[in-house]
file target.tsv (TSV, C-alpha atoms and all ligand atoms)
chain	number	residue	atom	x	y	z
H	1	MET	CA	-62.11	66.71	13.74
H	2	GLN	CA	-59.12	66.69	16.08
H	3	LEU	CA	-58.26	63.38	17.67
H	4	VAL	CA	-57.65	63.40	21.39
H	5	ASN	CA	-54.80	61.27	22.66
H	6	PRO	CA	-56.36	58.55	24.84
H	7	GLN	CA	-53.34	58.67	27.12
H	8	LEU	CA	-53.95	62.28	28.21
H	9	SER	CA	-53.12	62.68	31.84
H	10	ILE	CA	-55.49	62.28	34.70
H	11	LYS	CA	-55.56	65.39	36.90
H	12	ASN	CA	-52.55	65.95	39.18
H	13	GLU	CA	-50.42	63.55	37.22
H	14	ILE	CA	-47.32	64.89	35.55
H	15	THR	CA	-47.99	65.38	31.86
H	16	LEU	CA	-44.54	66.26	30.65
H	17	SER	CA	-41.06	65.18	31.78
H	18	ILE	CA	-38.14	67.04	30.27
H	19	ILE	CA	-34.89	65.05	30.44
H	20	VAL	CA	-31.62	66.96	30.28
H	21	PRO	CA	-28.23	65.18	30.38
H	22	VAL	CA	-25.58	67.54	31.71
H	23	TYR	CA	-21.82	67.27	31.46
H	24	ASN	CA	-19.74	70.33	32.35
H	25	GLU	CA	-22.42	72.87	31.51
H	26	GLN	CA	-22.07	75.24	34.48
H	27	GLU	CA	-22.29	78.39	32.38
H	28	MET	CA	-25.17	77.01	30.29
H	29	LEU	CA	-27.47	75.69	33.04
H	30	PRO	CA	-28.94	78.96	34.42
H	31	VAL	CA	-29.47	80.35	30.89
H	32	PHE	CA	-30.98	77.07	29.72
H	33	HIS	CA	-33.31	76.72	32.69
H	34	HIS	CA	-34.52	80.30	32.47
H	35	HIS	CA	-35.29	79.79	28.79
H	36	LEU	CA	-37.05	76.46	29.36
H	37	ALA	CA	-39.12	77.77	32.29
H	38	LYS	CA	-40.30	80.64	30.13
H	39	VAL	CA	-41.50	78.27	27.41
H	40	LEU	CA	-43.18	75.92	29.91
H	41	SER	CA	-45.04	78.83	31.51
H	42	THR	CA	-46.89	79.23	28.19
H	43	GLN	CA	-48.29	75.69	28.65
H	44	PRO	CA	-50.47	76.11	31.75
H	45	GLU	CA	-52.55	73.04	30.91
H	46	SER	CA	-49.53	70.74	31.29
H	47	THR	CA	-48.00	69.82	34.62
H	48	PHE	CA	-44.32	69.17	34.15
H	49	GLU	CA	-41.08	68.06	35.75
H	50	ILE	CA	-37.54	68.73	34.62
H	51	VAL	CA	-35.05	65.94	35.26
H	52	TYR	CA	-31.42	67.06	35.17
H	53	ILE	CA	-28.85	64.28	35.09
H	54	ASN	CA	-25.36	65.33	36.10
H	55	ASP	CA	-23.15	62.94	34.17
H	56	GLY	CA	-20.07	63.19	36.40
H	57	SER	CA	-19.27	66.80	35.53
H	58	THR	CA	-15.87	67.99	36.68
H	59	ASP	CA	-17.01	71.61	36.94
H	60	ASN	CA	-19.63	73.20	39.18
H	61	SER	CA	-22.67	71.85	37.28
H	62	TRP	CA	-24.05	69.82	40.23
H	63	ASN	CA	-24.07	72.80	42.62
H	64	THR	CA	-25.55	75.00	39.90
H	65	MET	CA	-28.36	72.45	39.54
H	66	LEU	CA	-28.95	72.30	43.28
H	67	ASN	CA	-29.15	76.06	43.27
H	68	LEU	CA	-31.89	75.88	40.63
H	69	THR	CA	-33.92	73.50	42.81
H	70	SER	CA	-34.10	76.10	45.56
H	71	HIS	CA	-35.39	78.78	43.17
H	72	TYR	CA	-37.66	76.87	40.83
H	73	ALA	CA	-40.36	74.21	41.34
H	74	ASN	CA	-40.65	70.79	39.68
H	75	ILE	CA	-36.97	70.03	39.22
H	76	GLU	CA	-35.40	66.68	40.00
H	77	CYS	CA	-31.61	66.39	39.94
H	78	ILE	CA	-29.76	63.11	39.66
H	79	ASN	CA	-26.02	62.93	40.27
H	80	LEU	CA	-24.32	59.97	38.59
H	81	SER	CA	-21.26	58.62	40.38
H	82	ARG	CA	-18.97	59.38	37.41
H	83	ASN	CA	-19.13	60.22	33.70
H	84	PHE	CA	-21.05	57.36	32.10
H	85	GLY	CA	-21.68	59.13	28.78
H	86	LYS	CA	-24.73	60.85	27.34
H	87	GLU	CA	-26.45	57.59	26.41
H	88	ALA	CA	-26.33	56.30	30.01
H	89	ALA	CA	-27.37	59.70	31.39
H	90	MET	CA	-30.43	59.74	29.14
H	91	THR	CA	-31.27	56.20	30.26
H	92	ALA	CA	-31.14	57.35	33.90
H	93	GLY	CA	-33.50	60.19	33.02
H	94	ILE	CA	-35.92	57.90	31.20
H	95	ASP	CA	-35.96	55.51	34.17
H	96	HIS	CA	-36.83	58.36	36.54
H	97	ALA	CA	-39.33	60.32	34.44
H	98	LYS	CA	-42.92	60.11	35.65
H	99	GLY	CA	-44.59	62.06	32.86
H	100	GLN	CA	-47.22	60.86	30.40
H	101	VAL	CA	-44.83	62.06	27.79
H	102	ILE	CA	-41.10	62.79	27.83
H	103	ILE	CA	-38.89	65.11	25.80
H	104	LEU	CA	-35.10	64.70	25.61
H	105	LEU	CA	-33.26	68.01	25.44
H	106	ASP	CA	-29.57	68.99	25.29
H	107	ALA	CA	-28.50	71.56	27.88
H	108	ASP	CA	-26.80	73.82	25.34
H	109	LEU	CA	-30.00	75.17	23.72
H	110	GLN	CA	-29.12	73.40	20.45
H	111	ASP	CA	-32.51	71.68	20.81
H	112	PRO	CA	-34.67	74.80	21.06
H	113	PRO	CA	-37.25	74.61	23.91
H	114	GLU	CA	-39.50	76.90	21.79
H	115	LEU	CA	-40.47	73.79	19.81
H	116	ILE	CA	-41.97	72.03	22.86
H	117	PRO	CA	-45.52	73.41	22.32
H	118	LYS	CA	-45.42	72.17	18.71
H	119	MET	CA	-44.25	68.72	19.89
H	120	LEU	CA	-46.97	68.54	22.53
H	121	ALA	CA	-49.55	69.54	19.93
H	122	ALA	CA	-48.46	66.61	17.74
H	123	TRP	CA	-48.74	64.26	20.73
H	124	ARG	CA	-52.22	65.56	21.52
H	125	GLN	CA	-53.18	64.69	17.96
H	126	GLY	CA	-52.34	61.07	18.75
H	127	PHE	CA	-48.67	60.58	17.83
H	128	ASP	CA	-46.52	58.49	20.19
H	129	VAL	CA	-43.16	59.65	18.90
H	130	VAL	CA	-42.32	63.10	17.55
H	131	ASN	CA	-38.91	63.07	15.83
H	132	MET	CA	-37.08	66.36	15.46
H	133	LYS	CA	-35.17	66.44	12.19
H	134	ARG	CA	-32.22	68.77	11.71
H	135	SER	CA	-32.76	70.57	8.43
H	136	THR	CA	-29.57	72.62	8.87
H	137	ARG	CA	-26.81	72.51	11.42
H	138	LEU	CA	-25.41	75.92	12.23
H	139	GLY	CA	-21.96	76.41	13.72
H	140	GLU	CA	-20.66	72.94	12.86
H	141	SER	CA	-17.66	72.34	10.65
H	142	LYS	CA	-18.17	71.26	7.04
H	143	PHE	CA	-16.47	67.97	7.86
H	144	LYS	CA	-18.82	67.21	10.80
H	145	ARG	CA	-21.89	68.02	8.69
H	146	TRP	CA	-20.66	65.89	5.81
H	147	SER	CA	-19.63	62.94	8.01
H	148	ALA	CA	-22.97	63.07	9.86
H	149	HIS	CA	-24.80	63.08	6.52
H	150	VAL	CA	-22.86	60.04	5.25
H	151	TYR	CA	-23.11	58.25	8.61
H	152	TYR	CA	-26.90	58.56	8.96
H	153	ARG	CA	-27.32	57.11	5.46
H	154	LEU	CA	-24.83	54.29	6.03
H	155	LEU	CA	-26.53	53.42	9.30
H	156	ASP	CA	-29.92	53.45	7.66
H	157	TYR	CA	-28.65	51.02	5.00
H	158	LEU	CA	-27.02	48.70	7.52
H	159	SER	CA	-29.57	48.78	10.32
H	160	ASP	CA	-32.32	46.22	10.72
H	161	VAL	CA	-34.48	48.85	12.49
H	162	PRO	CA	-35.75	51.80	10.43
H	163	LEU	CA	-33.81	54.80	11.78
H	164	GLN	CA	-34.79	58.37	11.02
H	165	LYS	CA	-32.15	60.25	9.06
H	166	ASP	CA	-30.77	63.46	10.65
H	167	VAL	CA	-32.80	62.91	13.81
H	168	GLY	CA	-30.70	63.12	16.97
H	169	ASP	CA	-31.82	62.40	20.51
H	170	PHE	CA	-34.15	65.43	20.58
H	171	ARG	CA	-37.63	63.90	20.43
H	172	LEU	CA	-40.90	63.39	22.26
H	173	ILE	CA	-41.94	59.92	23.40
H	174	SER	CA	-45.21	58.83	24.96
H	175	ARG	CA	-45.56	56.76	28.12
H	176	ARG	CA	-46.47	53.47	26.46
H	177	VAL	CA	-43.38	53.66	24.24
H	178	ILE	CA	-41.24	54.53	27.28
H	179	GLU	CA	-42.50	51.42	29.07
H	180	ASP	CA	-41.40	49.35	26.06
H	181	ILE	CA	-38.01	51.06	25.89
H	182	LYS	CA	-37.44	50.32	29.58
H	183	GLN	CA	-37.57	46.63	28.75
H	184	LEU	CA	-34.53	46.93	26.46
H	185	SER	CA	-31.86	46.06	28.98
H	186	GLU	CA	-28.80	46.11	26.73
H	187	ARG	CA	-25.71	47.58	28.40
H	188	SER	CA	-24.14	49.38	25.49
H	189	ARG	CA	-26.80	51.93	24.74
H	190	TYR	CA	-27.17	53.45	21.33
H	191	MET	CA	-30.13	55.66	22.12
H	192	LYS	CA	-31.00	56.73	18.58
H	193	GLY	CA	-31.55	53.05	17.78
H	194	ILE	CA	-33.22	52.16	21.07
H	195	LEU	CA	-35.65	55.08	20.79
H	196	SER	CA	-36.57	54.13	17.22
H	197	TRP	CA	-36.92	50.42	17.89
H	198	PRO	CA	-40.50	50.27	19.27
H	199	GLY	CA	-42.05	51.96	16.22
H	200	TYR	CA	-45.65	53.13	17.00
H	201	LYS	CA	-47.26	56.19	15.42
H	202	GLN	CA	-44.47	58.58	14.52
H	203	THR	CA	-44.26	62.02	13.02
H	204	THR	CA	-41.31	64.23	12.12
H	205	ILE	CA	-40.90	67.98	12.53
H	206	SER	CA	-37.98	69.78	10.84
H	207	PHE	CA	-36.00	72.48	12.60
H	208	GLU	CA	-32.86	74.52	12.15
H	209	ARG	CA	-30.28	73.37	14.66
H	210	PRO	CA	-28.67	76.48	16.12
H	211	GLU	CA	-25.15	76.87	17.42
H	212	ARG	CA	-24.23	76.00	20.99
H	213	VAL	CA	-24.83	79.10	23.14
H	214	ALA	CA	-21.82	78.67	25.46
H	215	GLY	CA	-19.14	76.10	26.24
H	216	GLU	CA	-18.01	73.61	23.63
H	217	THR	CA	-19.01	70.22	22.24
H	218	LYS	CA	-18.22	67.30	24.56
H	219	TRP	CA	-17.56	64.85	21.73
H	220	SER	CA	-14.11	64.40	20.29
H	221	PHE	CA	-13.69	62.92	16.83
H	222	ILE	CA	-12.62	59.57	18.31
H	223	GLN	CA	-15.70	59.48	20.60
H	224	LEU	CA	-17.96	60.16	17.63
H	225	VAL	CA	-16.32	57.31	15.69
H	226	LYS	CA	-16.81	55.00	18.70
H	227	LEU	CA	-20.46	56.01	19.05
H	228	GLY	CA	-20.91	55.51	15.32
H	229	LEU	CA	-19.38	52.01	15.43
H	230	SER	CA	-21.45	51.06	18.46
H	231	GLY	CA	-24.56	52.23	16.57
H	232	ILE	CA	-23.73	49.95	13.66
H	233	THR	CA	-22.89	46.87	15.74
H	234	ALA	CA	-25.86	47.45	18.08
H	235	PHE	CA	-28.46	47.45	15.35
H	236	SER	CA	-27.11	45.31	12.57
H	237	VAL	CA	-25.29	42.07	11.81
H	238	LYS	CA	-24.78	43.14	8.21
H	239	PRO	CA	-21.01	43.77	8.68
H	240	LEU	CA	-20.67	40.06	9.56
H	241	ARG	CA	-22.64	39.12	6.51
H	242	ILE	CA	-20.53	41.41	4.33
H	243	ALA	CA	-17.40	39.66	5.71
H	244	THR	CA	-18.94	36.29	4.83
H	245	TRP	CA	-19.75	37.42	1.29
H	246	ALA	CA	-16.32	38.98	0.82
H	247	GLY	CA	-14.78	35.67	1.97
H	248	ALA	CA	-16.92	33.71	-0.47
H	249	LEU	CA	-16.04	36.03	-3.34
H	250	ILE	CA	-12.31	35.91	-2.62
H	251	SER	CA	-12.36	32.09	-2.27
H	252	ALA	CA	-14.16	31.76	-5.61
H	253	SER	CA	-11.66	34.04	-7.36
H	254	ALA	CA	-8.75	32.19	-5.70
H	255	PHE	CA	-10.14	28.90	-7.01
H	256	LEU	CA	-10.43	30.24	-10.57
H	257	TYR	CA	-6.98	31.80	-10.41
H	258	GLY	CA	-5.51	28.53	-9.03
H	259	PHE	CA	-7.08	26.62	-11.90
H	260	TRP	CA	-5.54	29.05	-14.35
H	261	ILE	CA	-2.08	28.62	-12.77
H	262	VAL	CA	-2.34	24.80	-13.06
H	263	VAL	CA	-3.33	25.03	-16.73
H	264	LYS	CA	-0.63	27.57	-17.46
H	265	THR	CA	2.06	25.43	-15.77
H	266	LEU	CA	0.96	22.31	-17.72
H	267	ILE	CA	1.08	24.14	-21.03
H	268	PHE	CA	4.05	26.46	-20.63
H	269	GLY	CA	5.98	24.74	-17.86
H	270	GLU	CA	7.03	26.41	-14.63
H	271	VAL	CA	8.76	29.73	-14.69
H	272	VAL	CA	10.01	30.88	-11.31
H	273	ALA	CA	8.85	34.43	-11.21
H	274	GLY	CA	5.92	36.31	-9.78
H	275	TYR	CA	7.38	37.69	-6.57
H	276	PRO	CA	5.39	40.97	-6.87
H	277	SER	CA	2.06	39.23	-7.50
H	278	MET	CA	2.71	36.76	-4.66
H	279	MET	CA	3.48	39.58	-2.25
H	280	LEU	CA	0.43	41.56	-3.35
H	281	ILE	CA	-1.92	38.63	-2.89
H	282	GLN	CA	-0.48	37.77	0.53
H	283	LEU	CA	-0.78	41.32	1.80
H	284	PHE	CA	-4.27	41.68	0.40
H	285	LEU	CA	-5.49	38.43	1.97
H	286	GLY	CA	-3.76	39.27	5.27
H	287	GLY	CA	-5.54	42.62	5.34
H	288	VAL	CA	-8.94	41.16	4.53
H	289	GLN	CA	-8.51	38.50	7.21
H	290	LEU	CA	-7.53	41.01	9.87
H	291	LEU	CA	-10.47	43.19	8.93
H	292	ALA	CA	-12.89	40.28	9.20
H	293	ILE	CA	-11.42	39.26	12.57
H	294	GLY	CA	-11.77	42.87	13.69
H	295	ILE	CA	-15.46	42.93	12.74
H	296	LEU	CA	-15.96	39.64	14.56
H	297	GLY	CA	-14.11	41.11	17.55
H	298	GLU	CA	-16.48	44.08	17.70
H	299	TYR	CA	-19.41	41.71	18.14
H	300	VAL	CA	-17.57	39.45	20.60
H	301	GLY	CA	-16.72	42.56	22.62
H	302	ARG	CA	-20.39	43.48	22.75
H	303	ILE	CA	-21.29	39.97	23.94
H	304	TYR	CA	-18.62	40.30	26.64
H	305	ALA	CA	-20.04	43.62	27.84
H	306	GLU	CA	-23.58	42.20	27.86
H	307	ALA	CA	-22.50	39.02	29.67
H	308	LYS	CA	-20.97	41.05	32.51
H	309	ALA	CA	-24.40	42.67	32.93
H	310	ARG	CA	-23.11	45.64	34.87
H	311	PRO	CA	-25.51	48.46	35.69
H	312	ILE	CA	-25.77	51.11	32.97
H	313	TYR	CA	-25.24	53.93	35.49
H	314	LEU	CA	-24.82	54.47	39.23
H	315	ILE	CA	-26.58	57.20	41.18
H	316	MET	CA	-24.65	59.00	43.91
H	317	ASP	CA	-27.21	61.66	44.99
H	318	LYS	CA	-30.73	62.78	44.20
H	319	GLU	CA	-32.36	66.09	44.97
H	320	LYS	CA	-35.76	67.63	44.25
H	321	SER	CA	-37.05	71.19	44.18
H	322	SER	CA	-37.70	72.38	47.70
H	323	MET	CA	-41.15	73.55	46.57
H	324	ILE	CA	-42.18	69.99	45.68
H	325	ASN	CA	-40.62	68.70	48.90
H	326	SER	CA	-42.61	71.11	51.06
H	327	MET	CA	-45.81	70.12	49.24
H	328	GLU	CA	-45.02	66.46	49.82
H	329	LYS	CA	-44.49	67.13	53.51
H	330	LYS	CA	-47.88	68.84	53.79
H	331	HIS	CA	-49.63	65.91	52.10
H	332	GLY	CA	-47.58	63.22	53.80
Y	1	LIG	N1	-23.40	65.12	27.62
Y	1	LIG	C1	-23.48	64.22	28.69
Y	1	LIG	N2	-22.44	63.35	28.90
Y	1	LIG	C2	-21.33	63.31	28.09
Y	1	LIG	C3	-21.29	64.22	27.00
Y	1	LIG	C4	-22.33	65.10	26.79
Y	1	LIG	O1	-24.45	64.22	29.44
Y	1	LIG	O2	-20.43	62.50	28.35
Y	1	LIG	C5	-24.52	66.09	27.40
Y	1	LIG	C6	-24.10	67.56	27.27
Y	1	LIG	O3	-24.01	68.20	28.53
Y	1	LIG	C7	-25.25	68.12	26.44
Y	1	LIG	C8	-25.61	66.96	25.53
Y	1	LIG	O4	-25.11	65.78	26.17
Y	1	LIG	O5	-26.37	68.47	27.23
Y	1	LIG	C9	-25.07	67.10	24.13
Y	1	LIG	O6	-23.68	67.27	24.17
Y	1	LIG	P1	-22.91	68.21	23.13
Y	1	LIG	O7	-23.62	69.51	22.99
Y	1	LIG	O8	-21.49	68.28	23.57
Y	1	LIG	O9	-23.04	67.37	21.80
Y	1	LIG	P2	-23.25	67.94	20.29
Y	1	LIG	O10	-24.40	68.88	20.33
Y	1	LIG	O11	-21.96	68.62	19.97
Y	1	LIG	O12	-23.50	66.72	19.49
Y	2	MG	MG	-24.61	70.43	21.55
call {"tool": "encode", "arguments": {"input": "target.tsv", "output": "structure tokens"}}
result
Amino acid sequence: MQLVNPQLSIKNEITLSIIVPVYNEQEMLPVFHHHLAKVLSTQPESTFEIVYINDGSTDNSWNTMLNLTSHYANIECINLSRNFGKEAAMTAGIDHAKGQVIILLDADLQDPPELIPKMLAAWRQGFDVVNMKRSTRLGESKFKRWSAHVYYRLLDYLSDVPLQKDVGDFRLISRRVIEDIKQLSERSRYMKGILSWPGYKQTTISFERPERVAGETKWSFIQLVKLGLSGITAFSVKPLRIATWAGALISASAFLYGFWIVVKTLIFGEVVAGYPSMMLIQLFLGGVQLLAIGILGEYVGRIYAEAKARPIYLIMDKEKSSMINSMEKKHG
């Protein structure tokens, strides 16, 4: 017997919200939208909206989006006042989505819209979260694949929240989970962690992640490292604990070594030597101390950002499909 999701939409309510963060994707947007609209047309039982968030693009992405709203129905465009980053753009989308269920998609077709029917089917069976796991990553350098592999495992070890390995932001989330996520008001957003935090009934579907169709990746190596660090500090205090344990271990060895030096001096007298060992120990301890202060600093920095409590994003303009607008006018 097939279970029916108790949260299935009441008539005329939006079933599905697709959230698409966009940063300099002018050549991708028309191709992407055409592709997505084709897939959605195979799902006549679902009413949908597509929320595009322009994350301060410096190219013509905003106008391209506006152009889409005059040709297609059910589009909402949000223009952020500058580039706030993908995590903030997705948060804006989540805050604006009205659907019973939302799906986060990249604009470069690396998260294939063809999988949407499969995701919706899993939701209809009663799952609240459908994670999309990358079984292979095409068109990415060996180094990026390897570092992503190591990073996901490191994060899983460090994190206090169970995080899905090799699952990016591409996933489906039901309304009740969205309402919970909206209560997480932290300023530095690590969405993979935030989206995993509520738990609920989850399932995972594997897919082959294709290459970007046009344009190039928006993440530099440094940005990826920053995102990675923010992921670790956002969801774990283990680095602090590791620093504490390392301190304890080094103090214990220093004590034993000190004891040995006292005994040695009493038995053999003092020989003035040992410049290399002295230097080595000083440099080693200096390094460990700086590292520990650095780790501490990462957390203090996060507290600072949270204490300022600035908005996560700012919206400059909003626009909806003219077709929805004209319907609203008729009803209003
Ligand atoms: N993106 C964004 N703001 C940014 C960087 C990226 O909204 O500051 C969007 C981008 O337009 C795309 C998605 O996030 O829709 C994923 O970006 P990208 O394809 O560059 O990442 P990758 O697939 O290489 O991890
Ligand atoms: Mg991409």
call {"tool": "residues_around", "arguments": {"input": "target.tsv", "residues": "region 229-235 of chain H", "least_positions_apart": "5", "cutoff": "9 Å", "atoms": "all atoms listed in the file", "output": "VMD selection string"}}
result
chain H and resid 154 to 155 158 to 161 188 to 194 224 295 298 to 299 302
call {"tool": "closest_residue", "arguments": {"input": "target.tsv", "among": "H:Gly93, H:Pro210, H:Gly301, H:Pro30", "to": "ligand MG 2 (chain Y)", "atoms": "only C-alpha atoms and all ligand atoms"}}
result
H:Pro210
call {"tool": "residues_near_ligand", "arguments": {"input": "target.tsv", "ligand": "ligand MG 2 (chain Y)", "cutoff": "7 Å", "atoms": "only C-alpha atoms and all ligand atoms", "output": "short mmCIF file (atom, residue, chain, number, x, y, z; two decimals) with C-alpha atoms, in the frame of the given file"}}
result
data_model
loop_
_atom_site.label_atom_id
_atom_site.label_comp_id
_atom_site.auth_asym_id
_atom_site.auth_seq_id
_atom_site.Cartn_x
_atom_site.Cartn_y
_atom_site.Cartn_z
CA ASP H 106 -29.57 68.99 25.29
CA ASP H 108 -26.80 73.82 25.34
CA GLN H 110 -29.12 73.40 20.45
CA ARG H 212 -24.23 76.00 20.99
CA THR H 217 -19.01 70.22 22.24
#
call {"tool": "closest_residue", "arguments": {"input": "target.tsv", "among": "H:Ala305, H:Leu80, H:Ala97, H:Val39", "to": "Ser17 (chain H)", "atoms": "only C-alpha atoms"}}
result
H:Ala97
call {"tool": "residues_near_ligand", "arguments": {"input": "target.tsv", "ligand": "ligand LIG 1 (chain Y)", "cutoff": "8 Å", "atoms": "all atoms listed in the file", "output": "list of chain:residue names"}}
result
H:Val20, H:Pro21, H:Val22, H:Tyr23, H:Asn24, H:Glu25, H:Ile53, H:Asn54, H:Asp55, H:Gly56, H:Asn83, H:Phe84, H:Gly85, H:Lys86, H:Glu87, H:Ala89, H:Met90, H:Leu105, H:Asp106, H:Ala107, H:Asp108, H:Gln110, H:Arg212, H:Glu216, H:Thr217, H:Lys218, H:Trp219
call {"tool": "atom_distance", "arguments": {"input": "target.tsv", "atom1": "CA of Ser220 (chain H)", "atom2": "CA of Lys144 (chain H)"}}
result
11.0 Å
call {"tool": "atom_distance", "arguments": {"input": "target.tsv", "atom1": "CA of Arg310 (chain H)", "atom2": "CA of Ser81 (chain H)"}}
result
14.2 Å
call {"tool": "residues_around", "arguments": {"input": "target.tsv", "residues": "Ile250 (chain H)", "least_positions_apart": "5", "cutoff": "12 Å", "atoms": "all atoms listed in the file", "output": "NGL selection string"}}
result
:H and (243-245 or 255-258 or 281 or 284-285 or 288-289)
call {"tool": "closest_atom_pairs", "arguments": {"input": "target.tsv", "of": "region 68-121 of chain H", "to": "region 127-130 of chain H", "cutoff": "9 Å", "atoms": "all atoms listed in the file", "output": "JSON lines"}}
result
{"residue": "H:Val101", "atom": "CA", "partner": "H:Asp128", "partner_atom": "CA", "distance": 8.6}
{"residue": "H:Met119", "atom": "CA", "partner": "H:Val130", "partner_atom": "CA", "distance": 6.4}
{"residue": "H:Leu120", "atom": "CA", "partner": "H:Val130", "partner_atom": "CA", "distance": 8.7}
call {"tool": "write_last_selection", "arguments": {"input": "target.tsv", "atoms": "C-alpha atoms", "output": "compact mmCIF listing (two decimals), in the coordinates of the input"}}
result
# COMPACT_ATOMS: atom_id res chain seq x y z
CA VAL H 101 -44.83 62.06 27.79
CA MET H 119 -44.25 68.72 19.89
CA LEU H 120 -46.97 68.54 22.53
call {"tool": "residues_near_point", "arguments": {"input": "target.tsv", "point": "(-38.1, 48.1, 26.3)", "cutoff": "12 Å", "atoms": "all atoms listed in the file", "output": "list of chain:residue names"}}
result
H:Thr91, H:Ile94, H:Asp95, H:Arg175, H:Arg176, H:Val177, H:Ile178, H:Glu179, H:Asp180, H:Ile181, H:Lys182, H:Gln183, H:Leu184, H:Ser185, H:Glu186, H:Met191, H:Gly193, H:Ile194, H:Leu195, H:Ser196, H:Trp197, H:Pro198, H:Gly199
call {"tool": "closest_residue", "arguments": {"input": "target.tsv", "among": "H:Lys308, H:Met278, H:Val271, H:Glu319", "to": "Tyr52 (chain H)", "atoms": "only C-alpha atoms"}}
result
H:Glu319
call {"tool": "residues_around", "arguments": {"input": "target.tsv", "residues": "Asp156 (chain H)", "least_positions_apart": "6", "cutoff": "10 Å", "atoms": "only C-alpha atoms", "output": "list in words"}}
result
Val150, Pro162, Leu163, Gln164, Lys165, Ile232, Phe235 and Ser236 of chain H
call {"tool": "residues_around", "arguments": {"input": "target.tsv", "residues": "Asn60 (chain H)", "least_positions_apart": "2", "cutoff": "6 Å", "atoms": "all atoms listed in the file", "output": "VMD selection string"}}
result
chain H and resid 26 62 to 63
call {"tool": "decode", "arguments": {"input": "target.tsv", "residues": "region 245-260 of chain H", "atoms": "N, CA and C atoms", "output": "PDB file, in the first residue's frame"}}
result
ATOM      1  N   TRP H 245      42.857  19.053  24.232  1.00  0.00           N
ATOM      2  CA  TRP H 245      43.538  17.769  24.415  1.00  0.00           C
ATOM      3  C   TRP H 245      45.005  17.859  24.014  1.00  0.00           C
ATOM      4  N   ALA H 246      45.265  18.578  22.913  1.00  0.00           N
ATOM      5  CA  ALA H 246      46.660  18.734  22.472  1.00  0.00           C
ATOM      6  C   ALA H 246      47.440  19.468  23.555  1.00  0.00           C
ATOM      7  N   GLY H 247      46.837  20.490  24.160  1.00  0.00           N
ATOM      8  CA  GLY H 247      47.477  21.243  25.243  1.00  0.00           C
ATOM      9  C   GLY H 247      47.788  20.333  26.413  1.00  0.00           C
ATOM     10  N   ALA H 248      46.815  19.500  26.779  1.00  0.00           N
ATOM     11  CA  ALA H 248      46.986  18.598  27.918  1.00  0.00           C
ATOM     12  C   ALA H 248      48.122  17.619  27.647  1.00  0.00           C
ATOM     13  N   LEU H 249      48.150  17.081  26.435  1.00  0.00           N
ATOM     14  CA  LEU H 249      49.166  16.098  26.058  1.00  0.00           C
ATOM     15  C   LEU H 249      50.558  16.731  26.097  1.00  0.00           C
ATOM     16  N   ILE H 250      50.667  17.941  25.528  1.00  0.00           N
ATOM     17  CA  ILE H 250      51.974  18.603  25.482  1.00  0.00           C
ATOM     18  C   ILE H 250      52.436  18.963  26.899  1.00  0.00           C
ATOM     19  N   SER H 251      51.497  19.433  27.751  1.00  0.00           N
ATOM     20  CA  SER H 251      51.872  19.762  29.134  1.00  0.00           C
ATOM     21  C   SER H 251      52.381  18.523  29.856  1.00  0.00           C
ATOM     22  N   ALA H 252      51.684  17.394  29.666  1.00  0.00           N
ATOM     23  CA  ALA H 252      52.088  16.159  30.344  1.00  0.00           C
ATOM     24  C   ALA H 252      53.484  15.751  29.890  1.00  0.00           C
ATOM     25  N   SER H 253      53.738  15.822  28.545  1.00  0.00           N
ATOM     26  CA  SER H 253      55.068  15.423  28.078  1.00  0.00           C
ATOM     27  C   SER H 253      56.128  16.397  28.578  1.00  0.00           C
ATOM     28  N   ALA H 254      55.779  17.696  28.647  1.00  0.00           N
ATOM     29  CA  ALA H 254      56.740  18.696  29.137  1.00  0.00           C
ATOM     30  C   ALA H 254      57.104  18.398  30.590  1.00  0.00           C
ATOM     31  N   PHE H 255      56.099  18.000  31.359  1.00  0.00           N
ATOM     32  CA  PHE H 255      56.338  17.676  32.773  1.00  0.00           C
ATOM     33  C   PHE H 255      57.314  16.499  32.896  1.00  0.00           C
ATOM     34  N   LEU H 256      57.051  15.446  32.136  1.00  0.00           N
ATOM     35  CA  LEU H 256      57.909  14.260  32.175  1.00  0.00           C
ATOM     36  C   LEU H 256      59.336  14.603  31.722  1.00  0.00           C
ATOM     37  N   TYR H 257      59.413  15.387  30.650  1.00  0.00           N
ATOM     38  CA  TYR H 257      60.713  15.757  30.116  1.00  0.00           C
ATOM     39  C   TYR H 257      61.471  16.621  31.139  1.00  0.00           C
ATOM     40  N   GLY H 258      60.753  17.543  31.791  1.00  0.00           N
ATOM     41  CA  GLY H 258      61.349  18.411  32.811  1.00  0.00           C
ATOM     42  C   GLY H 258      61.906  17.572  33.949  1.00  0.00           C
ATOM     43  N   PHE H 259      61.156  16.576  34.352  1.00  0.00           N
ATOM     44  CA  PHE H 259      61.574  15.683  35.429  1.00  0.00           C
ATOM     45  C   PHE H 259      62.878  14.983  35.044  1.00  0.00           C
ATOM     46  N   TRP H 260      62.913  14.530  33.800  1.00  0.00           N
ATOM     47  CA  TRP H 260      64.089  13.844  33.292  1.00  0.00           C
ATOM     48  C   TRP H 260      65.302  14.778  33.304  1.00  0.00           C
TER      49      TRP H 260
END
